[in-house]
Amino acid sequence: MLSWSYKILTKKLMPYHNKSSVGKTRKTYTPQFKFNLAKEAIKTNNLSEISRKYNVPVNVISIWVKRLNEQGFHVFETSPDQQNKQLKNKIANLEQMVGKKEVELNLLKIFQISIYPQIPNS
């Protein structure tokens with residue numbers, strides 16, 4: 001959403017965008033990738049180099065290193081609750097797709113019957 005702010009020093013209206021999460025995507029990384037990056041960061045002790053190499057923000061890598069030091073490899077694994085939620089969402093999406101396909105198929109059958117009535121056997 002475009003809003004207007006009044007800049008006092010220049011006395012001009014300046015457009016700016018409201019900060020919202022609309023349109024922003026969040027990158028997700030595998031537990032193994034997080035573990036490997038955190039391990040490499042601990043070995044090299046150069047977060048900025050690893051950040052540039054793998055295109056991952058420095059603060060994210062530092063959080064992974066801290067978690068690795070505190071809890072080990074298990075910190076990056078997804079919990080069973082998260083996996084169940086993901087699978088339930090996937091099932092719901094697939095059921096919705098099947099429902100749409102059934103409706104489409106029934107409509108096609110109706111149109112076929114109305115356009116091409118049964119042809120008598122010769």
# chains A, B, ... in the order shown; residues from 1 in each chain; ligands from 1
$ residues_around --residues "region 57-66 of chain A" --least-positions-apart "5" --cutoff "10 Å" --atoms "only C-alpha atoms" --output "PyMOL selection string"
chain A and resi 34-42+46-52+71-72+75-76
$ write_last_selection --atoms "N, CA and C atoms" --output "short mmCIF file (atom, residue, chain, number, x, y, z; two decimals), in the first residue's frame"
data_model
loop_
_atom_site.label_atom_id
_atom_site.label_comp_id
_atom_site.auth_asym_id
_atom_site.auth_seq_id
_atom_site.Cartn_x
_atom_site.Cartn_y
_atom_site.Cartn_z
N LYS A 34 21.85 -26.58 7.35
CA LYS A 34 22.09 -25.72 8.50
C LYS A 34 23.26 -26.25 9.34
N PHE A 35 23.25 -27.56 9.55
CA PHE A 35 24.30 -28.19 10.34
C PHE A 35 25.66 -28.00 9.67
N ASN A 36 25.72 -28.24 8.35
CA ASN A 36 26.99 -28.11 7.63
C ASN A 36 27.50 -26.68 7.65
N LEU A 37 26.60 -25.71 7.46
CA LEU A 37 27.02 -24.31 7.47
C LEU A 37 27.51 -23.90 8.86
N ALA A 38 26.78 -24.31 9.88
CA ALA A 38 27.18 -23.97 11.25
C ALA A 38 28.53 -24.60 11.58
N LYS A 39 28.71 -25.83 11.15
CA LYS A 39 29.98 -26.54 11.40
C LYS A 39 31.13 -25.83 10.68
N GLU A 40 30.88 -25.44 9.42
CA GLU A 40 31.91 -24.72 8.65
C GLU A 40 32.22 -23.37 9.29
N ALA A 41 31.19 -22.70 9.80
CA ALA A 41 31.39 -21.40 10.45
C ALA A 41 32.24 -21.55 11.71
N ILE A 42 32.02 -22.64 12.44
CA ILE A 42 32.82 -22.87 13.64
C ILE A 42 34.27 -23.15 13.27
N ASN A 46 34.75 -17.41 10.24
CA ASN A 46 34.56 -16.26 9.36
C ASN A 46 33.14 -16.30 8.79
N LEU A 47 32.22 -15.69 9.52
CA LEU A 47 30.81 -15.75 9.13
C LEU A 47 30.53 -15.00 7.84
N SER A 48 31.20 -13.87 7.64
CA SER A 48 30.91 -13.06 6.45
C SER A 48 31.32 -13.79 5.16
N GLU A 49 32.42 -14.53 5.22
CA GLU A 49 32.86 -15.29 4.05
C GLU A 49 31.85 -16.39 3.70
N ILE A 50 31.38 -17.09 4.71
CA ILE A 50 30.40 -18.16 4.49
C ILE A 50 29.08 -17.57 4.01
N SER A 51 28.73 -16.41 4.56
CA SER A 51 27.50 -15.73 4.15
C SER A 51 27.52 -15.40 2.66
N ARG A 52 28.62 -14.87 2.20
CA ARG A 52 28.75 -14.55 0.77
C ARG A 52 28.78 -15.81 -0.08
N GLN A 71 22.71 -27.18 21.50
CA GLN A 71 21.87 -28.38 21.46
C GLN A 71 22.34 -29.47 20.51
N GLY A 72 23.31 -29.21 19.68
CA GLY A 72 23.81 -30.22 18.77
C GLY A 72 22.95 -30.39 17.53
N VAL A 75 18.83 -29.94 16.99
CA VAL A 75 18.13 -28.65 16.98
C VAL A 75 17.56 -28.32 15.59
N PHE A 76 18.16 -28.84 14.54
CA PHE A 76 17.74 -28.50 13.19
C PHE A 76 16.71 -29.47 12.63
#
$ atom_distance --atom1 "CA of Ala92 (chain A)" --atom2 "CA of Leu108 (chain A)"
24.5 Å
$ closest_residue --among "A:Asn45, A:Ser79, A:Gln118, A:Asn69" --to "Pro31 (chain A)" --atoms "only C-alpha atoms"
A:Ser79
$ closest_residue --among "A:Arg67, A:Thr44, A:Val56, A:Lys88" --to "Tyr29 (chain A)" --atoms "only C-alpha atoms"
A:Val56
$ select_by_dssp --residues "region 27-107 of chain A" --states "helix (DSSP H, G or I)" --output "number ranges by chain"
A: 31-44, 47-54, 58-71, 73-76, 80-107
$ write_last_selection --atoms "C-alpha atoms" --output "mmCIF file, in the first residue's frame"
data_model
loop_
_atom_site.group_PDB
_atom_site.id
_atom_site.type_symbol
_atom_site.label_atom_id
_atom_site.label_comp_id
_atom_site.auth_asym_id
_atom_site.auth_seq_id
_atom_site.Cartn_x
_atom_site.Cartn_y
_atom_site.Cartn_z
ATOM 1 C CA PRO A 31 18.549 -29.433 8.717
ATOM 2 C CA GLN A 32 21.629 -30.972 7.100
ATOM 3 C CA PHE A 33 22.441 -27.712 5.268
ATOM 4 C CA LYS A 34 22.095 -25.717 8.502
ATOM 5 C CA PHE A 35 24.299 -28.191 10.336
ATOM 6 C CA ASN A 36 26.989 -28.114 7.634
ATOM 7 C CA LEU A 37 27.025 -24.306 7.470
ATOM 8 C CA ALA A 38 27.181 -23.966 11.246
ATOM 9 C CA LYS A 39 29.984 -26.535 11.401
ATOM 10 C CA GLU A 40 31.913 -24.723 8.652
ATOM 11 C CA ALA A 41 31.392 -21.402 10.452
ATOM 12 C CA ILE A 42 32.818 -22.869 13.639
ATOM 13 C CA LYS A 43 35.842 -24.261 11.771
ATOM 14 C CA THR A 44 36.670 -21.148 9.731
ATOM 15 C CA LEU A 47 30.809 -15.748 9.129
ATOM 16 C CA SER A 48 30.913 -13.064 6.447
ATOM 17 C CA GLU A 49 32.859 -15.293 4.047
ATOM 18 C CA ILE A 50 30.399 -18.160 4.490
ATOM 19 C CA SER A 51 27.500 -15.731 4.149
ATOM 20 C CA ARG A 52 28.747 -14.546 0.765
ATOM 21 C CA LYS A 53 29.636 -18.067 -0.357
ATOM 22 C CA TYR A 54 26.199 -19.572 0.345
ATOM 23 C CA VAL A 58 25.303 -13.529 8.660
ATOM 24 C CA ASN A 59 22.840 -13.219 11.542
ATOM 25 C CA VAL A 60 21.077 -16.429 10.435
ATOM 26 C CA ILE A 61 24.378 -18.314 10.397
ATOM 27 C CA SER A 62 25.288 -16.963 13.829
ATOM 28 C CA ILE A 63 21.935 -18.173 15.187
ATOM 29 C CA TRP A 64 22.603 -21.633 13.719
ATOM 30 C CA VAL A 65 26.092 -21.706 15.268
ATOM 31 C CA LYS A 66 24.690 -20.720 18.659
ATOM 32 C CA ARG A 67 21.996 -23.415 18.471
ATOM 33 C CA LEU A 68 24.520 -26.022 17.346
ATOM 34 C CA ASN A 69 26.775 -25.227 20.271
ATOM 35 C CA GLU A 70 23.866 -25.398 22.711
ATOM 36 C CA GLN A 71 21.873 -28.379 21.459
ATOM 37 C CA PHE A 73 22.470 -31.741 15.523
ATOM 38 C CA HIS A 74 18.947 -32.357 16.847
ATOM 39 C CA VAL A 75 18.127 -28.653 16.977
ATOM 40 C CA PHE A 76 17.738 -28.502 13.190
ATOM 41 C CA PRO A 80 6.835 -34.684 14.506
ATOM 42 C CA ASP A 81 4.115 -32.063 15.061
ATOM 43 C CA GLN A 82 5.507 -29.918 12.246
ATOM 44 C CA GLN A 83 5.740 -32.917 9.939
ATOM 45 C CA ASN A 84 2.151 -33.930 10.762
ATOM 46 C CA LYS A 85 0.922 -30.414 10.072
ATOM 47 C CA GLN A 86 2.759 -30.313 6.727
ATOM 48 C CA LEU A 87 1.351 -33.704 5.724
ATOM 49 C CA LYS A 88 -2.182 -32.712 6.748
ATOM 50 C CA ASN A 89 -1.917 -29.549 4.649
ATOM 51 C CA LYS A 90 -0.682 -31.570 1.697
ATOM 52 C CA ILE A 91 -3.545 -34.065 2.078
ATOM 53 C CA ALA A 92 -6.088 -31.231 2.275
ATOM 54 C CA ASN A 93 -4.695 -29.673 -0.905
ATOM 55 C CA LEU A 94 -4.775 -33.002 -2.737
ATOM 56 C CA GLU A 95 -8.352 -33.690 -1.604
ATOM 57 C CA GLN A 96 -9.355 -30.253 -2.845
ATOM 58 C CA MET A 97 -7.748 -30.959 -6.219
ATOM 59 C CA VAL A 98 -9.540 -34.320 -6.477
ATOM 60 C CA GLY A 99 -12.853 -32.616 -5.693
ATOM 61 C CA LYS A 100 -12.288 -30.048 -8.428
ATOM 62 C CA LYS A 101 -11.422 -32.781 -10.923
ATOM 63 C CA GLU A 102 -14.590 -34.713 -10.031
ATOM 64 C CA VAL A 103 -16.692 -31.607 -10.653
ATOM 65 C CA GLU A 104 -14.944 -30.989 -13.980
ATOM 66 C CA LEU A 105 -15.481 -34.610 -15.020
ATOM 67 C CA ASN A 106 -19.194 -34.498 -14.145
ATOM 68 C CA LEU A 107 -19.614 -31.241 -16.095
#
